[in-house]
Each structure stands twice: as structure tokens, then as C-alpha cells.
>>> print(open('data29.cif').read())   # mmCIF, C-alpha atoms
data_work
loop_
_atom_site.label_atom_id
_atom_site.label_comp_id
_atom_site.auth_asym_id
_atom_site.auth_seq_id
_atom_site.Cartn_x
_atom_site.Cartn_y
_atom_site.Cartn_z
CA MET A 13 195.32 85.09 94.74
CA ALA A 14 193.64 82.46 96.94
CA THR A 15 190.14 81.24 96.11
CA ALA A 16 188.67 82.75 99.27
CA GLU A 17 190.05 86.15 98.32
CA LYS A 18 188.76 85.82 94.78
CA LEU A 19 185.25 85.11 96.01
CA SER A 20 185.25 88.24 98.15
CA ALA A 21 186.53 90.59 95.48
CA ILE A 22 183.26 92.39 94.83
CA ILE A 23 183.87 96.15 94.93
CA ASN A 24 181.13 98.67 94.05
CA GLY A 25 178.99 95.70 93.04
CA VAL A 26 181.57 94.80 90.38
CA ASN A 27 183.25 91.40 90.37
CA VAL A 28 186.82 92.64 90.09
CA ASN A 29 188.24 89.18 89.47
CA ASN A 30 185.97 88.78 86.45
CA LEU A 31 187.14 92.20 85.27
CA PHE A 32 190.78 91.12 85.45
CA THR A 33 189.90 87.78 83.85
CA THR A 34 188.41 89.76 80.94
CA ILE A 35 191.60 91.81 80.67
CA ASP A 36 193.72 88.64 80.66
CA ALA A 37 191.49 87.08 77.99
CA ILE A 38 191.92 90.15 75.77
CA LYS A 39 195.69 90.15 76.26
CA ALA A 40 195.77 86.46 75.23
CA CYS A 41 193.43 86.98 72.28
CA PRO A 42 193.04 90.62 71.18
CA ALA A 43 189.99 89.87 69.00
CA THR A 44 188.07 89.16 72.21
CA ALA A 45 187.84 92.93 72.69
CA LYS A 46 185.74 93.52 69.55
CA PHE A 47 182.05 94.25 70.20
CA LYS A 48 179.22 95.19 67.88
CA PHE A 49 176.09 96.64 69.49
CA ARG A 50 172.85 96.79 67.52
CA ILE A 51 169.28 97.99 67.66
CA GLN A 52 166.30 97.94 65.29
CA ASN A 53 163.90 100.88 65.24
CA GLN A 54 160.28 100.95 64.10
CA TRP A 55 158.33 104.15 63.43
CA GLU A 56 154.85 104.13 64.96
CA GLY A 57 153.65 107.41 63.41
CA GLY A 58 154.27 111.07 64.24
CA SER A 59 156.64 111.55 67.14
CA GLN A 60 156.52 107.93 68.31
CA ASN A 61 158.91 105.09 67.56
CA HIS A 62 160.57 102.28 69.46
CA SER A 63 163.82 100.36 69.32
CA THR A 64 164.33 96.67 69.96
CA VAL A 65 167.59 95.71 71.63
CA GLY A 66 168.39 92.05 71.29
CA GLU A 67 171.53 90.37 70.10
CA PHE A 68 175.03 91.77 70.00
CA TYR A 69 178.48 90.48 69.07
CA GLY A 70 181.18 90.28 71.70
CA ALA A 71 184.13 88.24 72.93
CA GLY A 72 184.25 86.23 69.73
CA GLN A 73 180.63 85.24 69.27
CA GLU A 74 177.08 86.36 68.60
CA ARG A 75 175.13 86.79 71.83
CA SER A 76 171.39 86.93 72.25
CA ARG A 77 169.17 87.96 75.12
CA PRO A 78 166.34 85.69 76.29
CA ASN A 79 163.88 88.59 75.98
CA PRO A 80 164.59 91.55 73.70
CA ILE A 81 164.44 94.94 75.41
CA VAL A 82 162.12 97.60 73.97
CA LEU A 83 163.00 101.31 74.27
CA THR A 84 160.35 103.87 73.37
CA ALA A 85 160.52 107.49 72.21
CA ASP A 86 158.05 110.33 71.89
CA GLU A 87 158.02 114.13 72.16
CA PRO A 88 156.25 116.38 74.65
CA ALA A 89 153.13 118.26 73.46
CA ILE A 90 155.08 121.50 72.92
CA LEU A 91 157.13 119.55 70.35
CA LEU A 92 154.01 118.08 68.71
CA GLY A 93 154.06 114.72 70.48
CA LYS A 94 151.94 112.81 72.98
CA ASP A 95 154.56 112.73 75.77
CA ALA A 96 154.29 108.96 76.18
CA ALA A 97 158.08 108.49 76.47
CA ALA A 98 161.34 110.40 76.81
CA ASN A 99 162.39 112.22 73.67
CA PRO A 100 165.54 111.44 71.67
CA VAL A 101 167.71 114.16 73.19
CA GLU A 102 166.66 113.06 76.69
CA HIS A 103 167.65 109.50 75.75
CA LEU A 104 171.02 110.89 74.72
CA LEU A 105 171.47 112.38 78.21
CA HIS A 106 170.54 109.01 79.74
CA ALA A 107 173.10 107.23 77.56
CA LEU A 108 175.73 109.70 78.75
CA ALA A 109 174.70 109.51 82.43
CA SER A 110 174.55 105.73 82.56
CA CYS A 111 177.89 105.35 80.77
CA LEU A 112 179.76 107.89 82.90
CA THR A 113 178.41 106.25 86.07
CA THR A 114 179.19 102.67 85.05
CA SER A 115 182.64 103.59 83.72
CA MET A 116 183.45 105.42 86.96
CA VAL A 117 182.38 102.64 89.33
CA TYR A 118 184.03 99.89 87.24
CA HIS A 119 187.38 101.68 87.06
CA ALA A 120 187.19 102.67 90.73
CA ALA A 121 186.56 98.99 91.56
CA ALA A 122 189.62 97.95 89.53
CA ARG A 123 191.69 100.36 91.68
CA GLY A 124 190.17 99.13 94.95
CA ILE A 125 188.30 102.42 95.56
CA CYS A 126 184.97 101.83 97.31
CA ILE A 127 182.12 104.14 96.30
CA GLU A 128 179.02 104.24 98.48
CA GLU A 129 176.59 106.36 96.49
CA VAL A 130 176.48 108.27 93.20
CA GLU A 131 173.87 110.73 91.98
CA SER A 132 174.20 112.95 88.95
CA SER A 133 172.26 115.59 87.04
CA PHE A 134 172.52 116.48 83.36
CA GLU A 135 171.31 119.54 81.45
CA GLY A 136 171.73 120.24 77.74
CA ASP A 137 170.96 123.37 75.70
CA LEU A 138 169.11 123.17 72.40
CA ASP A 139 168.01 126.07 70.20
CA LEU A 140 165.23 125.18 67.72
CA HIS A 141 166.52 127.79 65.26
CA GLY A 142 168.85 124.97 64.16
CA PHE A 143 166.36 122.10 63.84
CA LEU A 144 163.80 124.33 62.10
CA ASP A 145 166.27 125.80 59.56
CA LEU A 146 165.60 129.31 60.88
CA ASP A 147 169.26 130.25 61.41
CA ARG A 148 172.23 128.61 59.67
CA ASN A 149 174.54 129.78 62.42
CA VAL A 150 172.69 127.75 65.07
CA ARG A 151 173.57 124.06 65.21
CA LYS A 152 170.90 121.35 65.18
CA GLY A 153 172.36 119.50 68.15
CA TYR A 154 173.16 120.28 71.75
CA GLN A 155 175.18 123.47 72.14
CA GLY A 156 176.55 122.22 75.44
CA ILE A 157 175.84 119.77 78.25
CA ARG A 158 176.51 120.37 81.95
CA VAL A 159 177.02 117.43 84.30
CA ASN A 160 177.08 117.48 88.10
CA PHE A 161 178.15 114.38 90.02
CA LYS A 162 177.55 113.87 93.74
CA ILE A 163 179.71 111.06 95.11
CA LYS A 164 179.73 109.51 98.57
CA ALA A 165 183.06 107.82 99.29
CA ASP A 166 185.52 107.79 102.18
CA VAL A 167 188.25 109.61 100.28
CA ALA A 168 190.02 113.00 100.36
CA ASP A 169 188.62 115.87 98.30
CA GLU A 170 191.27 115.58 95.61
CA GLN A 171 190.56 111.87 95.19
CA LEU A 172 186.87 112.72 94.70
CA GLN A 173 187.83 114.59 91.52
CA GLU A 174 190.02 111.65 90.45
CA ILE A 175 187.07 109.29 90.86
CA ALA A 176 184.93 111.51 88.62
CA SER A 177 187.71 111.64 86.03
CA LEU A 178 187.70 107.82 85.89
CA GLY A 179 184.25 108.24 84.31
CA THR A 180 185.12 110.94 81.81
CA GLY A 181 188.43 109.26 81.04
CA HIS A 182 186.94 105.88 80.12
CA SER A 183 183.26 106.25 79.18
CA PRO A 184 182.54 105.12 75.60
CA VAL A 185 179.50 107.41 75.36
CA PHE A 186 181.42 110.42 76.75
CA ASP A 187 184.19 109.83 74.20
CA SER A 188 181.67 109.29 71.40
CA LEU A 189 179.69 112.41 72.24
CA THR A 190 182.55 114.80 72.97
CA ASN A 191 184.84 113.71 70.13
CA GLY A 192 182.25 112.65 67.55
CA VAL A 193 181.69 109.37 65.72
CA PRO A 194 181.54 108.69 61.97
CA VAL A 195 178.00 107.56 61.12
CA SER A 196 177.21 106.15 57.68
CA VAL A 197 173.57 106.16 56.59
CA ASN A 198 172.02 104.09 53.82
CA ALA A 199 168.39 104.29 52.70
CA GLU A 200 166.42 101.78 50.67
CA ARG A 201 162.82 101.13 49.75
CA LEU A 202 160.70 99.07 52.18
CA MET B 4 144.54 128.77 55.01
CA ALA B 5 140.89 128.02 55.81
CA THR B 6 139.98 126.38 59.11
CA ALA B 7 138.76 123.18 57.44
CA GLU B 8 142.11 122.79 55.71
CA LYS B 9 143.97 123.49 58.93
CA LEU B 10 142.11 120.74 60.75
CA SER B 11 143.01 118.20 58.09
CA ALA B 12 146.71 119.07 57.92
CA ILE B 13 147.99 115.97 59.68
CA ILE B 14 150.83 114.46 57.62
CA ASN B 15 152.88 111.50 58.89
CA GLY B 16 150.99 111.85 62.18
CA VAL B 17 152.42 115.35 62.57
CA ASN B 18 150.13 118.37 62.93
CA VAL B 19 151.76 120.50 60.27
CA ASN B 20 149.79 123.60 61.22
CA ASN B 21 151.11 123.38 64.75
CA LEU B 22 154.60 123.01 63.31
CA PHE B 23 154.20 126.21 61.29
CA THR B 24 152.62 127.94 64.30
CA THR B 25 155.77 127.04 66.26
CA ILE B 26 157.95 128.49 63.50
CA ASP B 27 155.87 131.72 63.47
CA ALA B 28 156.11 131.96 67.26
CA ILE B 29 159.92 131.67 67.10
CA LYS B 30 160.14 134.28 64.35
CA ALA B 31 158.07 136.64 66.50
CA CYS B 32 160.03 135.88 69.68
CA PRO B 33 163.41 134.19 69.08
CA ALA B 34 163.81 133.22 72.75
CA THR B 35 160.91 130.79 72.26
CA ALA B 36 163.40 128.48 70.51
CA LYS B 37 165.54 127.94 73.62
CA PHE B 38 165.14 124.54 75.28
CA LYS B 39 166.94 122.91 78.19
CA PHE B 40 166.53 119.15 78.58
CA ARG B 41 167.44 117.49 81.87
CA ILE B 42 167.74 114.14 83.59
CA GLN B 43 168.81 112.94 87.03
CA ASN B 44 170.68 109.66 87.37
CA GLN B 45 170.95 107.40 90.42
CA TRP B 46 173.51 104.60 90.74
CA GLU B 47 171.99 101.35 92.05
CA GLY B 48 175.27 99.43 92.42
CA GLY B 49 177.55 97.68 89.93
CA SER B 50 176.38 97.99 86.36
CA GLN B 51 172.90 99.24 87.22
CA ASN B 52 171.61 102.80 87.36
CA HIS B 53 168.51 104.68 86.28
CA SER B 54 167.64 108.15 85.05
CA THR B 55 164.53 110.15 85.88
CA VAL B 56 163.23 112.37 83.11
CA GLY B 57 160.82 114.99 84.38
CA GLU B 58 160.79 118.71 83.80
CA PHE B 59 162.40 120.65 81.00
CA TYR B 60 162.55 124.28 79.90
CA GLY B 61 161.10 125.27 76.56
CA ALA B 62 159.20 128.00 74.74
CA GLY B 63 159.78 130.47 77.54
CA GLN B 64 158.82 128.47 80.60
CA GLU B 65 159.58 125.53 82.85
CA ARG B 66 157.52 122.49 81.89
CA SER B 67 156.81 119.44 83.99
CA ARG B 68 155.38 116.04 83.17
CA PRO B 69 152.51 114.58 85.22
CA ASN B 70 154.53 111.41 85.78
CA PRO B 71 158.32 111.38 85.51
CA ILE B 72 159.74 108.81 83.09
CA VAL B 73 162.32 106.32 84.39
CA LEU B 74 165.02 104.96 82.06
CA THR B 75 167.14 102.05 83.26
CA ALA B 76 170.61 100.81 82.35
CA ASP B 77 172.60 97.63 82.95
CA GLU B 78 175.26 95.56 81.21
CA PRO B 79 175.07 92.02 79.83
CA ALA B 80 176.79 89.24 81.80
CA ILE B 81 179.86 89.26 79.53
CA LEU B 82 180.35 92.89 80.62
CA LEU B 83 179.86 92.01 84.30
CA GLY B 84 176.20 93.02 84.57
CA LYS B 85 172.85 91.35 85.17
CA ASP B 86 171.37 92.16 81.73
CA ALA B 87 168.25 93.72 83.25
CA ALA B 88 168.26 96.65 80.81
CA ALA B 89 169.93 97.98 77.68
CA ASN B 90 173.48 99.16 78.21
CA PRO B 91 174.65 102.77 77.78
CA VAL B 92 176.02 102.36 74.25
CA GLU B 93 172.78 100.65 73.18
CA HIS B 94 170.87 103.61 74.65
CA LEU B 95 173.07 105.85 72.52
CA LEU B 96 171.99 103.96 69.39
CA HIS B 97 168.33 104.32 70.45
CA ALA B 98 168.79 108.08 70.93
CA LEU B 99 170.26 108.28 67.43
CA ALA B 100 167.58 106.05 65.84
CA SER B 101 164.65 107.81 67.44
CA CYS B 102 166.00 111.26 66.58
CA LEU B 103 166.79 110.47 62.94
CA THR B 104 163.32 108.95 62.51
CA THR B 105 161.41 111.81 64.15
CA SER B 106 163.47 114.46 62.38
CA MET B 107 162.85 112.77 59.04
CA VAL B 108 159.08 112.40 59.39
CA TYR B 109 158.62 115.93 60.81
CA HIS B 110 160.56 117.59 57.99
CA ALA B 111 158.89 115.39 55.38
CA ALA B 112 155.52 116.44 56.82
CA ALA B 113 156.49 120.11 56.58
CA ARG B 114 157.19 119.54 52.86
CA GLY B 115 153.94 117.65 52.28
CA ILE B 116 155.74 114.31 51.71
CA CYS B 117 153.68 111.38 53.01
CA ILE B 118 155.65 108.49 54.52
CA GLU B 119 153.86 105.20 55.10
CA GLU B 120 156.38 103.12 57.04
CA VAL B 121 159.92 103.45 58.39
CA GLU B 122 162.17 100.77 59.81
CA SER B 123 165.85 101.14 60.57
CA SER B 124 168.78 99.16 61.93
CA PHE B 125 171.87 100.46 63.71
CA GLU B 126 175.22 98.80 64.41
CA GLY B 127 178.21 100.33 66.19
CA ASP B 128 181.76 99.01 66.67
CA LEU B 129 183.49 99.12 70.05
CA ASP B 130 186.92 97.75 70.93
CA LEU B 131 187.45 97.18 74.67
CA HIS B 132 191.18 97.84 74.28
CA GLY B 133 190.12 101.48 74.68
CA PHE B 134 187.83 101.22 77.71
CA LEU B 135 190.25 98.91 79.52
CA ASP B 136 193.35 101.09 78.90
CA LEU B 137 195.03 98.22 77.03
CA ASP B 138 195.91 100.26 73.92
CA ARG B 139 196.24 104.05 73.81
CA ASN B 140 195.68 104.03 70.05
CA VAL B 141 192.19 102.56 70.43
CA ARG B 142 189.46 105.04 71.33
CA LYS B 143 187.07 104.44 74.23
CA GLY B 144 183.96 105.23 72.18
CA TYR B 145 182.33 103.91 69.04
CA GLN B 146 184.75 103.61 66.15
CA GLY B 147 181.89 103.89 63.68
CA ILE B 148 178.13 103.42 63.41
CA ARG B 149 176.28 102.05 60.38
CA VAL B 150 172.61 102.93 59.80
CA ASN B 151 170.20 101.36 57.33
CA PHE B 152 166.79 102.93 56.73
CA LYS B 153 163.91 101.18 54.98
CA ILE B 154 161.23 103.65 53.90
CA LYS B 155 157.85 103.00 52.36
CA ALA B 156 156.58 106.05 50.47
CA ASP B 157 155.07 106.68 47.04
CA VAL B 158 158.06 108.59 45.71
CA ALA B 159 160.80 108.14 43.10
CA ASP B 160 164.08 106.50 44.09
CA GLU B 161 166.00 109.77 44.20
CA GLN B 162 163.39 111.33 46.49
CA LEU B 163 163.79 108.35 48.83
CA GLN B 164 167.39 109.44 49.44
CA GLU B 165 166.21 113.03 49.93
CA ILE B 166 163.75 111.86 52.58
CA ALA B 167 166.55 110.06 54.46
CA SER B 168 168.71 113.17 54.23
CA LEU B 169 165.96 115.17 55.95
CA GLY B 170 166.79 113.05 58.99
CA THR B 171 170.56 113.37 58.89
CA GLY B 172 170.29 117.04 57.93
CA HIS B 173 168.13 118.03 60.91
CA SER B 174 168.49 115.49 63.73
CA PRO B 175 169.85 117.05 66.94
CA VAL B 176 171.29 113.70 68.09
CA PHE B 177 172.92 113.01 64.70
CA ASP B 178 174.52 116.46 64.77
CA SER B 179 175.57 116.04 68.42
CA LEU B 180 177.06 112.61 67.83
CA THR B 181 178.81 113.21 64.52
CA ASN B 182 180.16 116.68 65.29
CA GLY B 183 180.67 116.38 69.05
CA VAL B 184 179.32 118.42 71.96
CA PRO B 185 181.22 120.24 74.71
CA VAL B 186 180.40 118.52 78.02
CA SER B 187 181.47 120.12 81.32
CA VAL B 188 181.64 117.85 84.35
CA ASN B 189 181.66 118.93 87.99
CA ALA B 190 182.01 116.59 90.98
CA GLU B 191 181.17 117.25 94.60
CA ARG B 192 180.74 115.27 97.77
CA LEU B 193 177.33 113.74 98.49
#
>>> encode(input="data29.cif", output="C-alpha cells")
Amino acid sequence: MATAEKLSAIINGVNVNNLFTTIDAIKACPATAKFKFRIQNQWEGGSQNHSTVGEFYGAGQERSRPNPIVLTADEPAILLGKDAAANPVEHLLHALASCLTTSMVYHAAARGICIEEVESSFEGDLDLHGFLDLDRNVRKGYQGIRVNFKIKADVADEQLQEIASLGTGHSPVFDSLTNGVPVSVNAERL
Amino acid sequence: MATAEKLSAIINGVNVNNLFTTIDAIKACPATAKFKFRIQNQWEGGSQNHSTVGEFYGAGQERSRPNPIVLTADEPAILLGKDAAANPVEHLLHALASCLTTSMVYHAAARGICIEEVESSFEGDLDLHGFLDLDRNVRKGYQGIRVNFKIKADVADEQLQEIASLGTGHSPVFDSLTNGVPVSVNAERL
């Protein structure tokens, strides 16, 4: 591909050449694909805590950010909080929404499919009988989540569904949440 | 319980009387336990999008917040983003961290266990061979997540582990993530 073409290969805001360069780098050195993402959380009292997102490991080396990102959490008053931030299960929906969207537009870009706009809405059902130990038959977590994507793209109706399936078919958070992830928990004295 | 005692029943920053009032309300009217949490997401281009967290349904009625909360998402440069926000899989770790912490301190409060401080760290493994369709045997999502809690409380060592298990045993995000959630996705034209 000529240099001029490479420079113009921005689709959906994604530099497609860099995407293919990443793929080539992984093919040449499979360990490049290994990433470790990390956060540290600090309890502030009651329903409030925050996470600090700083360094991560990827493409063969430790990587730091110039300024760590702080993510907050609280609960609404009805759940005994001060409503100063989104609550944990709302953060989970944001993780899912952001991952489905990014996965969709990246993979569409790799296929040369231009997307103009994307909006989506997410709703999840929780029954407090689980969290509060009031009914063993009710799970603690979400019983189900419904997602609705609205996509603006100059494609046929059937390709609209294919675009959406690029998200569900590749999203790390969608895979993690729908198929489950092993989580090991250690506790020690501070 | 006398009024004076009720007023003083704040443990771990949690109003324990309100917690028990919630439990009594659910026992009297089981539908009170039903919650629906919601977000709307808007793609901004490339790796960037944001979610708006506003109203939710809980305890028998629709509930709105005076000011909607905005949660952002981006990717670091190595993943073709501008690093203006945490990425989706980091948001997933924050959802897990905040939920484990809140679940732990709420359930400890309900049992009269005072916790002084809580810190925790989270690390998850991702292999891009999955996301990039380079190896069908590698999953798209987290392969595993490791959690380390540090807890300051005036309890015996064995009770320290029990406190941590109050988090894993009740957290809606931990349950959702470890056991999986059915997610239905619809797509339509914008």
C-alpha cells in the first residue's frame, strides 16, 4: 500500500493501518498480544469508594499514564448512599456499552465499513431478594440485560445486523459477562 | 429498639436501621425488591464514547437523579485510542472492585462488624489473539482476574477471611461476572 493511501486509512476514527500493524506484530511475536489491566480501589466509607487506573502491561512492556484516572462509585439514597456517583451495577453497564461500541467500530473499520453514528441503551434487572439473602432462589447479580443499538450507516438492513454482531462477536466485556470469568480473591490484614 | 439507639446505628458509614427497614419493606411487599438499572451510550468516534446514567426503577417507582452522571471511555495509544479515559475492561474492573467493597461493608455493618479501612487491587489477563480473531482457542474476554483485599478491622485472622467472603458472597457484579448473565442485543437503524 502506498504511503498516501496509508495516511488516509482512517475509518470510523480508527487508524486501520495501525490496526493491521498491530496484527502483524502479534503474528511475528505472539507474546505481544498479552495484556494485564489493573486498578486499585480505596474505600471512603459507607457506599463510597474510588478506583485509580494507572499503569497496565501490554505489547511486551509495562505502560504508565501521565495522569492516573480516578473512577468513583456510590449508591443512590434508596440504596443507602449519597448518590454522588454511578453505582457498581451501573458501572458494569457502562463497561459493557463502551466495549460493545468500540469493538463494533474497530472491527467495522477493519472491514472497510463506515459507520456514521451509534447510540445504545442498556437495561438490567436486579432483585434485592438475592443481595439481601431473603430468597436463595434469587441470584445476587443481574438476571438479564437488554441492549438496543441504533446505528447510522449507508448499508442494507441485513448488514446493519452484521455490524451489531461485530460488537457482540468480539467485545472482551461482552464475552466476560455472558460467559463468566474466574475471579480469585485473597484477603490480608492492612 | 429505642429511638436513641436507632439514631446511633451507623456502622461502616451505613445506616443499619435503614438497611433493616429496607428488608422489612421487601418482606411486606416483595415487589419492592425489583430494580432496573439503565444507561445510554453515545459513540463519539474511534475509541471514544460516553454513557449517561440518569433514571432507574426501584422500590416500586421510577427514580431520577437531579443531574445525570456521565461516564467516559477511551483506549490507550497502544490500542489505537487517545487515552482520555479508562478503557472498557478497566471499567469492568472498577465495577467489580466497587461492588465487592460496598457489598462487604454493607453486610459487615448488618452483622455489627466494624471495618476501619479497605484497600484492594485488581488485575485481569487479556490476550488480543481473541479480540483480533487470530486464534479461535483464545477467548475474547478476560482469562482470569486476581483480587487482593487489605482490610483493617479489630478482628481475628479467620474473621478477616469471613469479612472478605461477605463481599464475594453478596456482590451483584461478582455474581454477574463469575457466573455470567444473559444479554439480549437488538439493532435498528438510527
>>> closest_residue(input="data29.cif", among="B:His53, B:Arg68, B:Pro175, B:Gln146", to="A:Ala97", atoms="only C-alpha atoms")
B:Arg68
>>> closest_residue(input="data29.cif", among="B:Gly16, B:Gly57, B:Gly63, B:Gly48", to="B:Ala113", atoms="only C-alpha atoms")
B:Gly16
>>> resolve_selection(input="data29.cif", expression="the PyMOL selection byres ((chain A and resi 151) around 8)", output="list in words")
Asp139, His141, Gly142, Phe143, Arg148, Asn149, Val150, Lys152, Gly153, Tyr154 and Gln155 of chain A; Asp178 of chain B
>>> residues_around(input="data29.cif", residues="B:Val17", least_positions_apart="3", cutoff="9 Å", atoms="only C-alpha atoms", output="list in words")
Gly57, Gly58, Ser59, Leu92 and Gly93 of chain A; Ala12, Ile13, Ile14, Asn20, Asn21, Leu22, Val108, Tyr109, Ala112 and Ala113 of chain B
>>> resolve_selection(input="data29.cif", expression="the PyMOL selection byres ((chain A and resi 115) around 9)", output="JSON, numbers by chain")
{"A": [110, 111, 112, 113, 114, 116, 117, 118, 119, 120, 178, 179, 180, 181, 182, 183, 184], "B": [50, 134]}
>>> atom_distance(input="data29.cif", atom1="atom CA of B:Asn15", atom2="atom CA of B:Cys117")
5.9 Å
>>> resolve_selection(input="data29.cif", expression="the PyMOL selection byres ((chain A and resi 106) around 10)", output="PyMOL selection string")
(chain A and resi 98+100-105+107-112+133-134) or (chain B and resi 41-44+52-56+73-76+91+94-95+98)
>>> residues_around(input="data29.cif", residues="stretch 154-165 of chain B", least_positions_apart="5", cutoff="7 Å", atoms="all atoms listed in the file", output="ChimeraX atom specification")
/A:199-202 /B:117-122
>>> atom_distance(input="data29.cif", atom1="atom CA of A:Ser177", atom2="atom CA of A:Val193")
21.3 Å
>>> atom_distance(input="data29.cif", atom1="atom CA of A:Thr33", atom2="atom CA of B:Pro79")
15.9 Å
>>> closest_residue(input="data29.cif", among="A:Asp145, A:Asp137, A:Asp36, A:Glu56", to="chain B", atoms="all atoms listed in the file")
A:Asp137
>>> residues_near_point(input="data29.cif", point="(178.9, 102.0, 61.6)", cutoff="6 Å", atoms="all atoms listed in the file", output="PyMOL selection string")
(chain A and resi 195-196) or (chain B and resi 126-127+147-149)
>>> closest_residue(input="data29.cif", among="A:Ala96, A:Gln73, A:Phe47, A:Asp86", to="chain B", atoms="only C-alpha atoms")
A:Phe47
>>> closest_residue(input="data29.cif", among="A:Ala37, A:Ile175, A:Lys162, A:Glu87", to="chain B", atoms="all atoms listed in the file")
A:Lys162
>>> closest_residue(input="data29.cif", among="B:Pro33, B:Asn90, B:Glu58, B:Gln45", to="chain A", atoms="all atoms listed in the file")
B:Gln45
